[in-house]
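Below is structure.csv, holding CSV, C-alpha atoms.
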```csv
chain,number,residue,atom,x,y,z
C,1,MET,CA,-88.1,-2.2,-29.0
C,2,SER,CA,-91.5,-0.4,-29.2
C,3,ALA,CA,-91.8,3.4,-28.4
C,4,ALA,CA,-93.3,2.6,-25.0
C,5,GLU,CA,-90.4,0.3,-24.2
C,6,LEU,CA,-87.9,2.8,-25.4
C,7,THR,CA,-89.4,5.5,-23.2
C,8,LEU,CA,-89.5,3.1,-20.2
C,9,PHE,CA,-85.8,2.3,-20.8
C,10,LEU,CA,-84.8,6.0,-21.2
C,11,SER,CA,-86.7,7.1,-18.1
C,12,VAL,CA,-85.3,4.4,-15.9
C,13,PHE,CA,-81.8,4.8,-17.3
C,14,LEU,CA,-81.7,8.6,-16.7
C,15,ALA,CA,-83.3,8.4,-13.2
C,16,CYS,CA,-80.9,5.7,-12.2
C,17,ALA,CA,-77.8,7.4,-13.6
C,18,VAL,CA,-78.6,10.6,-11.6
C,19,GLU,CA,-79.0,8.6,-8.4
C,20,ALA,CA,-75.9,6.6,-9.1
C,21,VAL,CA,-73.8,9.7,-9.5
C,22,GLU,CA,-74.9,10.9,-6.1
C,23,ALA,CA,-74.3,7.5,-4.5
C,24,LEU,CA,-70.9,7.4,-6.2
C,25,THR,CA,-69.8,10.7,-4.6
C,26,ILE,CA,-70.6,9.4,-1.1
C,27,VAL,CA,-68.8,6.1,-1.6
C,28,LEU,CA,-65.8,7.8,-3.2
C,29,ALA,CA,-65.4,10.3,-0.4
C,30,VAL,CA,-65.7,7.6,2.3
C,31,GLY,CA,-63.5,5.1,0.4
C,32,ILE,CA,-60.7,7.6,-0.3
C,33,THR,CA,-60.7,9.0,3.2
C,34,ARG,CA,-61.3,5.9,5.3
C,35,GLY,CA,-60.3,3.0,3.2
C,36,TRP,CA,-62.1,0.8,0.7
C,37,SER,CA,-62.8,-2.5,2.3
C,38,SER,CA,-65.5,-1.3,4.8
C,39,ALA,CA,-67.0,1.2,2.3
C,40,LEU,CA,-67.3,-1.5,-0.4
C,41,ALA,CA,-68.8,-3.9,2.2
C,42,GLY,CA,-71.5,-1.2,2.9
C,43,VAL,CA,-72.2,-0.9,-0.8
C,44,GLY,CA,-72.6,-4.6,-1.1
C,45,ALA,CA,-74.9,-4.8,1.8
C,46,ALA,CA,-77.1,-2.0,0.5
C,47,ILE,CA,-77.3,-3.6,-3.0
C,48,ALA,CA,-78.3,-6.9,-1.3
C,49,VAL,CA,-81.2,-5.1,0.5
C,50,LEU,CA,-82.3,-3.4,-2.7
C,51,ALA,CA,-82.2,-6.7,-4.6
C,52,VAL,CA,-84.4,-8.3,-1.9
C,53,VAL,CA,-86.9,-5.3,-2.2
C,54,VAL,CA,-87.1,-5.6,-6.0
C,55,VAL,CA,-87.3,-9.4,-6.0
C,56,ALA,CA,-90.0,-9.4,-3.2
C,57,LEU,CA,-92.2,-6.7,-4.6
C,58,GLY,CA,-91.7,-7.1,-8.3
C,59,PRO,CA,-93.7,-10.3,-8.9
C,60,THR,CA,-96.4,-9.2,-6.4
C,61,LEU,CA,-97.0,-5.9,-8.2
C,62,SER,CA,-97.1,-7.7,-11.6
C,63,GLU,CA,-99.9,-9.9,-10.3
C,64,LEU,CA,-102.2,-7.0,-9.4
C,65,PRO,CA,-105.1,-6.2,-11.8
C,66,ILE,CA,-104.0,-3.6,-14.4
C,67,ASP,CA,-106.5,-0.9,-13.4
C,68,VAL,CA,-105.6,-1.2,-9.7
C,69,LEU,CA,-102.0,-1.2,-10.5
C,70,ARG,CA,-102.3,1.8,-12.8
C,71,LEU,CA,-104.3,3.8,-10.3
C,72,ALA,CA,-102.0,3.0,-7.4
C,73,VAL,CA,-98.7,3.3,-9.3
C,74,GLY,CA,-99.9,6.3,-11.3
C,75,GLY,CA,-101.0,8.1,-8.1
C,76,LEU,CA,-97.7,7.3,-6.4
C,77,LEU,CA,-95.6,8.3,-9.4
C,78,LEU,CA,-97.6,11.6,-9.7
C,79,VAL,CA,-96.9,12.5,-6.0
C,80,PHE,CA,-93.3,11.4,-6.3
C,81,GLY,CA,-92.8,13.0,-9.7
C,82,LEU,CA,-94.3,16.3,-8.8
C,83,GLN,CA,-92.0,16.5,-5.8
C,84,TRP,CA,-89.0,15.8,-8.0
C,85,LEU,CA,-90.2,18.3,-10.7
C,86,ARG,CA,-90.9,21.0,-8.2
C,87,LYS,CA,-87.3,20.8,-6.8
C,88,ALA,CA,-85.9,20.7,-10.4
C,89,ILE,CA,-87.9,23.9,-11.3
C,90,LEU,CA,-86.8,25.7,-8.1
C,91,ARG,CA,-83.2,24.8,-8.9
C,92,ALA,CA,-83.4,26.0,-12.4
C,93,ALA,CA,-85.1,29.2,-11.2
C,94,GLY,CA,-82.3,29.9,-8.7
C,95,LEU,CA,-84.5,29.4,-5.7
C,96,LYS,CA,-82.9,26.2,-4.5
C,97,ALA,CA,-79.2,25.4,-4.3
C,98,ILE,CA,-78.0,23.4,-7.4
C,99,HIS,CA,-76.7,20.0,-6.5
C,100,ASP,CA,-72.9,20.2,-6.9
C,101,GLU,CA,-71.0,16.9,-6.7
C,102,THR,CA,-67.6,18.6,-6.1
C,103,MET,CA,-69.1,20.4,-3.0
C,104,ALA,CA,-70.9,17.3,-1.9
C,105,PHE,CA,-67.6,15.3,-2.2
C,106,ALA,CA,-65.7,18.0,-0.2
C,107,ARG,CA,-68.4,17.9,2.5
C,108,GLU,CA,-68.4,14.1,2.8
C,109,THR,CA,-64.6,13.9,2.8
C,110,GLU,CA,-64.4,16.5,5.6
C,111,ALA,CA,-67.0,14.7,7.7
C,112,ALA,CA,-65.3,11.3,7.1
C,113,GLY,CA,-61.9,12.9,8.1
C,114,ARG,CA,-63.4,14.4,11.3
C,115,ALA,CA,-65.1,11.1,12.4
C,116,GLY,CA,-63.2,9.1,14.9
C,117,VAL,CA,-60.5,6.6,13.7
C,118,GLY,CA,-62.0,3.2,13.0
C,119,SER,CA,-60.7,0.1,14.6
C,120,GLN,CA,-58.1,-1.9,12.6
C,121,GLY,CA,-60.0,-4.0,10.0
C,122,PHE,CA,-63.6,-3.1,10.1
C,123,ASP,CA,-64.5,0.6,9.9
C,124,GLY,CA,-68.1,1.1,11.1
C,125,TYR,CA,-68.3,4.7,10.0
C,126,ALA,CA,-67.2,3.9,6.4
C,127,PHE,CA,-69.6,0.9,6.3
C,128,THR,CA,-72.6,2.9,7.6
C,129,ILE,CA,-72.1,6.0,5.4
C,130,ALA,CA,-71.6,3.9,2.3
C,131,PHE,CA,-74.6,1.6,3.2
C,132,LYS,CA,-76.9,4.6,3.9
C,133,GLY,CA,-75.8,6.5,0.8
C,134,VAL,CA,-76.3,3.6,-1.6
C,135,LEU,CA,-79.5,2.4,0.1
C,136,LEU,CA,-81.2,5.9,0.1
C,137,GLU,CA,-80.3,6.7,-3.5
C,138,GLY,CA,-81.0,3.1,-4.5
C,139,LEU,CA,-84.5,3.1,-3.0
C,140,GLU,CA,-85.5,5.8,-5.5
C,141,VAL,CA,-84.0,3.6,-8.2
C,142,ALA,CA,-85.9,0.5,-6.9
C,143,PHE,CA,-89.1,2.6,-6.7
C,144,ILE,CA,-88.8,3.8,-10.4
C,145,VAL,CA,-87.8,0.3,-11.6
C,146,LEU,CA,-90.8,-1.4,-9.9
C,147,THR,CA,-93.4,1.2,-10.8
C,148,PHE,CA,-92.4,1.7,-14.4
C,149,GLY,CA,-91.5,-2.0,-15.0
C,150,ALA,CA,-94.7,-3.4,-13.3
C,151,ASN,CA,-97.0,-1.1,-15.2
C,152,GLN,CA,-95.7,-2.3,-18.5
C,153,HIS,CA,-95.0,-5.8,-17.4
C,154,ARG,CA,-91.4,-5.2,-18.3
C,155,ILE,CA,-89.6,-5.3,-14.9
C,156,GLY,CA,-86.7,-7.2,-16.6
C,157,LEU,CA,-86.2,-4.3,-19.1
C,158,ALA,CA,-86.3,-1.8,-16.3
C,159,VAL,CA,-83.7,-3.8,-14.3
C,160,VAL,CA,-81.5,-3.9,-17.4
C,161,ALA,CA,-81.8,-0.1,-17.8
C,162,ALA,CA,-81.0,0.5,-14.2
C,163,GLY,CA,-78.0,-1.9,-14.3
C,164,LEU,CA,-76.6,-0.3,-17.4
C,165,ALA,CA,-77.0,3.2,-15.8
C,166,VAL,CA,-75.2,2.2,-12.6
C,167,THR,CA,-72.5,0.3,-14.5
C,168,SER,CA,-71.8,3.3,-16.8
C,169,VAL,CA,-71.6,5.7,-13.8
C,170,VAL,CA,-69.3,3.3,-11.8
C,171,VAL,CA,-67.0,2.8,-14.8
C,172,ALA,CA,-66.8,6.6,-15.4
C,173,GLY,CA,-66.2,7.1,-11.7
C,174,ILE,CA,-63.3,4.6,-11.7
C,175,ALA,CA,-61.8,6.1,-14.8
C,176,ALA,CA,-62.1,9.7,-13.4
C,177,ARG,CA,-61.2,8.7,-9.8
C,178,ALA,CA,-63.3,11.7,-8.8
C,179,PRO,CA,-66.9,12.7,-8.4
C,180,LEU,CA,-68.7,13.1,-11.8
C,181,ALA,CA,-69.1,16.8,-11.4
C,182,ARG,CA,-69.4,17.3,-15.2
C,183,VAL,CA,-72.5,15.2,-15.5
C,184,PRO,CA,-75.4,17.6,-16.2
C,185,GLU,CA,-77.1,16.3,-13.1
C,186,ASN,CA,-79.6,19.1,-12.6
C,187,ALA,CA,-80.8,19.1,-16.2
C,188,MET,CA,-81.1,15.3,-16.0
C,189,LYS,CA,-83.2,15.7,-12.9
C,190,PHE,CA,-85.5,18.1,-14.7
C,191,VAL,CA,-86.0,15.7,-17.5
C,192,VAL,CA,-86.6,12.8,-15.1
C,193,GLY,CA,-89.1,14.9,-13.2
C,194,VAL,CA,-91.0,15.6,-16.4
C,195,LEU,CA,-91.0,11.9,-17.4
C,196,ILE,CA,-92.1,10.5,-14.0
C,197,THR,CA,-94.9,13.1,-13.7
C,198,SER,CA,-96.1,12.4,-17.3
C,199,PHE,CA,-96.2,8.7,-16.8
C,200,GLY,CA,-97.9,9.2,-13.4
C,201,LEU,CA,-100.5,11.4,-15.1
C,202,PHE,CA,-101.1,9.0,-17.9
C,203,TRP,CA,-101.4,5.8,-15.8
C,204,GLY,CA,-103.3,7.5,-12.9
C,205,THR,CA,-105.9,8.9,-15.3
C,206,GLU,CA,-106.4,5.5,-17.0
C,207,GLY,CA,-106.5,3.7,-13.6
C,208,ALA,CA,-109.2,6.1,-12.4
C,209,GLY,CA,-111.3,4.9,-15.3
C,210,ALA,CA,-110.9,7.7,-17.9
C,211,SER,CA,-109.6,7.0,-21.4
C,212,TRP,CA,-107.1,9.2,-23.2
C,213,PRO,CA,-108.3,10.4,-26.6
C,214,ALA,CA,-105.3,8.8,-28.4
C,215,GLY,CA,-104.4,6.0,-26.1
C,216,GLU,CA,-100.6,5.6,-25.5
C,217,THR,CA,-99.9,8.1,-28.3
C,218,SER,CA,-101.2,10.7,-25.9
C,219,LEU,CA,-97.9,10.5,-24.1
C,220,LEU,CA,-96.3,12.2,-27.1
C,221,VAL,CA,-98.4,15.2,-26.3
C,222,ILE,CA,-98.3,14.9,-22.5
C,223,VAL,CA,-94.5,14.8,-22.1
C,224,PRO,CA,-93.7,17.9,-24.3
C,225,THR,CA,-96.6,19.9,-22.9
C,226,LEU,CA,-95.5,19.3,-19.3
C,227,ALA,CA,-91.9,20.0,-20.3
C,228,LEU,CA,-92.9,23.3,-21.9
C,229,ALA,CA,-95.2,24.2,-19.0
C,230,SER,CA,-92.3,23.5,-16.5
C,231,LEU,CA,-89.9,25.6,-18.5
C,232,GLY,CA,-92.5,28.4,-18.5
C,233,MET,CA,-92.7,28.1,-14.8
C,234,VAL,CA,-88.9,28.4,-14.5
C,235,TRP,CA,-89.1,31.6,-16.7
C,236,ILE,CA,-91.9,33.1,-14.6
C,237,LEU,CA,-90.1,32.4,-11.3
C,238,ARG,CA,-86.8,33.8,-12.7
C,239,ARG,CA,-88.6,37.0,-13.8
C,240,GLN,CA,-90.2,37.4,-10.4
C,241,GLY,CA,-86.8,36.9,-8.8
C,242,GLU,CA,-85.2,39.5,-11.0
C,243,ARG,CA,-88.0,42.0,-10.2
C,244,ALA,CA,-87.7,41.2,-6.4
C,245,ASP,CA,-83.9,41.7,-6.6
C,246,ALA,CA,-84.4,45.0,-8.4
C,247,GLN,CA,-86.4,46.3,-5.4
C,248,PRO,CA,-84.7,47.6,-2.3
C,249,ARG,CA,-84.6,44.9,0.5
C,250,GLY,CA,-87.9,45.1,2.5
C,251,GLY,CA,-89.4,47.2,-0.3
C,252,PRO,CA,-93.1,46.9,-1.3
C,253,ALA,CA,-92.6,44.5,-4.2
C,254,MET,CA,-90.6,42.0,-2.1
C,255,THR,CA,-93.2,42.2,0.6
C,256,GLU,CA,-96.0,41.6,-1.9
C,257,SER,CA,-94.3,38.7,-3.6
C,258,ALA,CA,-93.4,37.2,-0.3
W,1,MET,CA,-90.8,5.7,18.4
W,2,SER,CA,-91.5,2.1,17.3
W,3,LEU,CA,-89.8,0.5,14.3
W,4,LEU,CA,-93.1,0.4,12.4
W,5,SER,CA,-93.7,4.1,13.1
W,6,LYS,CA,-90.2,4.9,11.9
W,7,ALA,CA,-90.7,2.9,8.7
W,8,LEU,CA,-94.1,4.5,8.0
W,9,LEU,CA,-92.6,7.9,8.6
W,10,ALA,CA,-89.7,7.1,6.2
W,11,ILE,CA,-92.1,5.9,3.5
W,12,TRP,CA,-94.2,9.1,3.9
W,13,ASP,CA,-91.1,11.3,3.7
W,14,PHE,CA,-89.8,9.3,0.7
W,15,VAL,CA,-93.0,9.6,-1.4
W,16,VAL,CA,-94.8,12.7,-0.2
W,17,GLY,CA,-91.8,14.8,1.1
W,18,ASP,CA,-92.5,18.2,2.5
W,19,ASP,CA,-95.5,19.0,0.4
W,20,TRP,CA,-98.5,17.0,1.7
W,21,LEU,CA,-101.0,19.4,0.1
W,22,THR,CA,-99.9,18.3,-3.4
W,23,ALA,CA,-100.3,14.7,-2.4
W,24,LEU,CA,-103.8,15.4,-1.1
W,25,GLY,CA,-104.6,17.3,-4.3
W,26,VAL,CA,-103.5,14.3,-6.4
W,27,VAL,CA,-105.7,12.0,-4.4
W,28,ALA,CA,-108.7,14.4,-4.7
W,29,ALA,CA,-108.1,14.9,-8.5
W,30,LEU,CA,-107.9,11.1,-9.1
W,31,SER,CA,-111.1,10.6,-7.0
W,32,LEU,CA,-112.9,13.3,-9.0
W,33,THR,CA,-111.7,11.8,-12.3
W,34,ALA,CA,-113.0,8.3,-11.1
W,35,LEU,CA,-116.3,9.9,-10.3
W,36,VAL,CA,-116.7,11.7,-13.6
W,37,ALA,CA,-115.6,8.6,-15.5
W,38,THR,CA,-118.7,6.8,-14.3
W,39,THR,CA,-120.8,9.4,-16.2
W,40,SER,CA,-121.1,10.0,-19.9
W,41,VAL,CA,-118.8,13.1,-19.7
W,42,PRO,CA,-115.2,12.6,-20.8
W,43,ALA,CA,-112.9,12.6,-17.7
W,44,TRP,CA,-109.4,12.5,-19.2
W,45,TRP,CA,-108.9,16.3,-19.2
W,46,LEU,CA,-109.3,16.7,-15.4
W,47,MET,CA,-106.0,15.3,-14.4
W,48,PRO,CA,-103.8,17.4,-16.7
W,49,ILE,CA,-105.4,20.6,-15.4
W,50,ALA,CA,-105.1,19.4,-11.8
W,51,VAL,CA,-101.4,18.5,-12.2
W,52,LEU,CA,-100.5,21.8,-13.8
W,53,GLY,CA,-102.5,23.6,-11.1
W,54,LEU,CA,-101.0,21.7,-8.2
W,55,LEU,CA,-97.5,22.1,-9.6
W,56,GLY,CA,-98.1,25.9,-10.0
W,57,LEU,CA,-99.5,26.2,-6.5
W,58,SER,CA,-96.7,24.2,-4.9
W,59,LEU,CA,-94.1,26.3,-6.7
W,60,TRP,CA,-95.8,29.5,-5.7
W,61,ARG,CA,-95.7,28.5,-2.0
W,62,ALA,CA,-92.0,27.3,-2.3
W,63,ALA,CA,-90.9,30.5,-4.1
W,64,ARG,CA,-92.7,32.7,-1.6
W,65,SER,CA,-91.1,30.9,1.3
W,66,ALA,CA,-87.6,31.1,-0.4
W,67,ARG,CA,-87.9,34.8,-1.0
W,68,VAL,CA,-89.1,35.4,2.6
W,69,ASP,CA,-86.0,33.5,3.8
W,70,ARG,CA,-83.7,35.5,1.4
W,71,ALA,CA,-85.2,38.8,2.5
W,72,ARG,CA,-84.4,38.2,6.2
```

Spit out the file's structure as C-alpha cells when you get a sec.
Amino acid sequence: MSAAELTLFLSVFLACAVEAVEALTIVLAVGITRGWSSALAGVGAAIAVLAVVVVALGPTLSELPIDVLRLAVGGLLLVFGLQWLRKAILRAAGLKAIHDETMAFARETEAAGRAGVGSQGFDGYAFTIAFKGVLLEGLEVAFIVLTFGANQHRIGLAVVAAGLAVTSVVVAGIAARAPLARVPENAMKFVVGVLITSFGLFWGTEGAGASWPAGETSLLVIVPTLALASLGMVWILRRQGERADAQPRGGPAMTESA
Amino acid sequence: MSLLSKALLAIWDFVVGDDWLTALGVVAALSLTALVATTSVPAWWLMPIAVLGLLGLSLWRAARSARVDRAR
C-alpha cells in the first residue's frame, strides 16, 4: 500500500469510525428503549439508501476528468473540512460543548421513552429515529468515501476502510452493550478535520491549475502545518477565554473581545 | 416548500453549514488561484494562506459570538 493509499485509508477509517459511534448511540438508545426489530429495520433501510448513493455516484465521479474532479471535490472538501475543523477547534478551546456519547444516549433514551407507545409489531418511532440517525451520520461517511475514493480512483479501498470502521464500532458496541463513551471522539474529529481540510487544500489547488512544489510529497508538509496552526488557534482561543473569564462580567475586556 | 427546495437546502446545510462566508472565501481563493495559474507566477502558495486566513476569521467570529452569549 503506497503512502497516499495509506493516508486515504486512515482518513476514511477515522472519519467513518467517529460517525459510526454517533449513529450507534442513537440506535442503541432506541433499540433498548423501544425494541430492536423496528430499530434494526430503520438501520437496514438507511444502509440501503446509502449504498444506492455510493453505487450511483461513485462510477459517475470516477469518469470525470481529473482536473475537474480535483477542483470540484477539493473545493467541496475544503468547505466541508473547514466547517468540521472549526467546530473541533471551538470544542478544544471550550467554546462549544464537547460531544458526550453518555449524555447523547441519555437524551435519546428519554425522548424514546416519552414518545407514544408504538403499535404491536412495527414501531414507527423506532424505525424513523434509527433511519434518520444512520442516514444523517452515514451521508457524511458516503461523502468522504466518494470524494477521497474518486480522487485517487480507489473507491473500493475507501469502501473497505469505511466498512472496517463501522464493523469495528458495531462489534465494540455489541460487546459493551452501551454507547462508546470512552472513544476519544473529539480528538478524532480534530484529526479528521485536519485531514479533510489538508486533502481539500491539496486537490483544490491542483484542480485550479497550480502545481505543488513537491507534488504529492507536499502533503507531508501540509498536514502537520495545518495541525500545528489549528493547535495554535486552540491555544490562542483558550488564552483569550482565560483573560475574558478573569475580567468582571460586562467589564471592558469582555466587551472588547466580544 | 417543494421537495426540490428541501433537498437543495439540506445539501447546502450539509456542505456549507452555518458559515457561508467561509464557503464564499474558498470559491474566491480557488478562482484567484486559477487566474494566477494562467500567468508565469507560481500560484500554489495562495490557497494555504487563504485557508489559514479563512479558518482564523471563521473562528474569530464564532468565538466572539460564543463570548457574547456567555456574557449575557

Set the cut-off to 8 Å and count all atoms listed in the file: what are the residues of chain C that reach chain W? Output as number ranges by chain. C: 75-76, 78-80, 82-83, 86, 90, 95-96, 201, 204-206, 208-213, 226, 229, 233, 237, 249-250, 254, 257-258

Serialized selection, C-alpha atoms, as a PDB file, in the frame of the given file:
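This is the output file again.pdb:
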```
ATOM      1  CA  GLY C  75    -101.000   8.100  -8.100  1.00  0.00           C
ATOM      2  CA  LEU C  76     -97.700   7.300  -6.400  1.00  0.00           C
ATOM      3  CA  LEU C  78     -97.600  11.600  -9.700  1.00  0.00           C
ATOM      4  CA  VAL C  79     -96.900  12.500  -6.000  1.00  0.00           C
ATOM      5  CA  PHE C  80     -93.300  11.400  -6.300  1.00  0.00           C
ATOM      6  CA  LEU C  82     -94.300  16.300  -8.800  1.00  0.00           C
ATOM      7  CA  GLN C  83     -92.000  16.500  -5.800  1.00  0.00           C
ATOM      8  CA  ARG C  86     -90.900  21.000  -8.200  1.00  0.00           C
ATOM      9  CA  LEU C  90     -86.800  25.700  -8.100  1.00  0.00           C
ATOM     10  CA  LEU C  95     -84.500  29.400  -5.700  1.00  0.00           C
ATOM     11  CA  LYS C  96     -82.900  26.200  -4.500  1.00  0.00           C
ATOM     12  CA  LEU C 201    -100.500  11.400 -15.100  1.00  0.00           C
ATOM     13  CA  GLY C 204    -103.300   7.500 -12.900  1.00  0.00           C
ATOM     14  CA  THR C 205    -105.900   8.900 -15.300  1.00  0.00           C
ATOM     15  CA  GLU C 206    -106.400   5.500 -17.000  1.00  0.00           C
ATOM     16  CA  ALA C 208    -109.200   6.100 -12.400  1.00  0.00           C
ATOM     17  CA  GLY C 209    -111.300   4.900 -15.300  1.00  0.00           C
ATOM     18  CA  ALA C 210    -110.900   7.700 -17.900  1.00  0.00           C
ATOM     19  CA  SER C 211    -109.600   7.000 -21.400  1.00  0.00           C
ATOM     20  CA  TRP C 212    -107.100   9.200 -23.200  1.00  0.00           C
ATOM     21  CA  PRO C 213    -108.300  10.400 -26.600  1.00  0.00           C
ATOM     22  CA  LEU C 226     -95.500  19.300 -19.300  1.00  0.00           C
ATOM     23  CA  ALA C 229     -95.200  24.200 -19.000  1.00  0.00           C
ATOM     24  CA  MET C 233     -92.700  28.100 -14.800  1.00  0.00           C
ATOM     25  CA  LEU C 237     -90.100  32.400 -11.300  1.00  0.00           C
ATOM     26  CA  ARG C 249     -84.600  44.900   0.500  1.00  0.00           C
ATOM     27  CA  GLY C 250     -87.900  45.100   2.500  1.00  0.00           C
ATOM     28  CA  MET C 254     -90.600  42.000  -2.100  1.00  0.00           C
ATOM     29  CA  SER C 257     -94.300  38.700  -3.600  1.00  0.00           C
ATOM     30  CA  ALA C 258     -93.400  37.200  -0.300  1.00  0.00           C
TER      31      ALA C 258
END
```

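Distances from C:Glu5, C:Glu19, C:Gly156, C:Glu185 to C:Val170 were compared using only C-alpha atoms, and the smallest one belongs to C:Glu19.
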
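From atom CA of C:Ile89 back to atom CA of C:Phe190, the distance works out to 7.1 Å.
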
C:Gly121: which residues within 12 Å, counting all atoms listed in the file, same-chain residues fewer than 3 positions away excluded, as a list in words? Arg34, Gly35, Trp36, Ser37, Ser38, Ala39, Ala41, Val117, Gly118, Gly124, Ala126 and Phe127 of chain C

For C:Ile66: contacts at 12 Å, all atoms listed in the file, fewer than 3 positions along chain excluded, given as a PDB file with C-alpha atoms, in the frame of the given file:
```pdb
ATOM      1  CA  LEU C  61     -97.000  -5.900  -8.200  1.00  0.00           C
ATOM      2  CA  SER C  62     -97.100  -7.700 -11.600  1.00  0.00           C
ATOM      3  CA  GLU C  63     -99.900  -9.900 -10.300  1.00  0.00           C
ATOM      4  CA  LEU C  69    -102.000  -1.200 -10.500  1.00  0.00           C
ATOM      5  CA  ARG C  70    -102.300   1.800 -12.800  1.00  0.00           C
ATOM      6  CA  LEU C  71    -104.300   3.800 -10.300  1.00  0.00           C
ATOM      7  CA  ALA C  72    -102.000   3.000  -7.400  1.00  0.00           C
ATOM      8  CA  VAL C  73     -98.700   3.300  -9.300  1.00  0.00           C
ATOM      9  CA  GLY C  74     -99.900   6.300 -11.300  1.00  0.00           C
ATOM     10  CA  ALA C 150     -94.700  -3.400 -13.300  1.00  0.00           C
ATOM     11  CA  ASN C 151     -97.000  -1.100 -15.200  1.00  0.00           C
ATOM     12  CA  GLN C 152     -95.700  -2.300 -18.500  1.00  0.00           C
ATOM     13  CA  HIS C 153     -95.000  -5.800 -17.400  1.00  0.00           C
ATOM     14  CA  TRP C 203    -101.400   5.800 -15.800  1.00  0.00           C
ATOM     15  CA  GLY C 204    -103.300   7.500 -12.900  1.00  0.00           C
ATOM     16  CA  GLU C 206    -106.400   5.500 -17.000  1.00  0.00           C
ATOM     17  CA  GLY C 207    -106.500   3.700 -13.600  1.00  0.00           C
ATOM     18  CA  ALA C 208    -109.200   6.100 -12.400  1.00  0.00           C
ATOM     19  CA  GLY C 209    -111.300   4.900 -15.300  1.00  0.00           C
TER      20      GLY C 209
END
```

Applying 10 Å and all atoms listed in the file, which residues near C:Gly163 remain after dropping the ones on its own chain fewer than 3 positions away? List them as an MDAnalysis selection string. chainID C and resid 12:13 16:17 157:160 166:169

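Closest approach to C:Arg238 from the set C:Ala93, C:Ala48, C:Ala29, C:Leu139 is made by C:Ala93, with distances taken over all atoms listed in the file.
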
Pairwise distance for atom CA of C:Asp123 and atom CA of C:Gly173, rounded to one decimal in Å: 22.6 Å

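You will find atom CA of C:Val221 at 17.3 Å from atom CA of C:Ser2.
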
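Among the candidate residues C:Val192, C:Ile155, C:Arg182, C:Ala246, the one lying nearest to C:Leu57 is C:Ile155, with distances computed using only C-alpha atoms.
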
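The nearest approach to C:Ala162 among the residues C:Leu10, C:Val134, C:Ala111, C:Met1, with only C-alpha atoms taken into account, belongs to C:Leu10.
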
Near C:Glu108, counting all atoms listed in the file, which residues have an atom at most 12 Å away, once you skip same-chain residues fewer than 2 positions from it, shown as a PyMOL selection string? chain C and resi 22-34+101-106+110-115+125-126+129-130+133+179

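With distances taken over all atoms listed in the file, C:Arg91 is the one residue among C:Ala20, C:Arg91, C:Leu50, C:Thr7 lying closest to C:Trp235.
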
Residue neighbourhood C:Gly193, 7 Å, only C-alpha atoms, exclusion window fewer than 5 positions, as a VMD selection string: chain C and resid 81 to 82 84 to 85
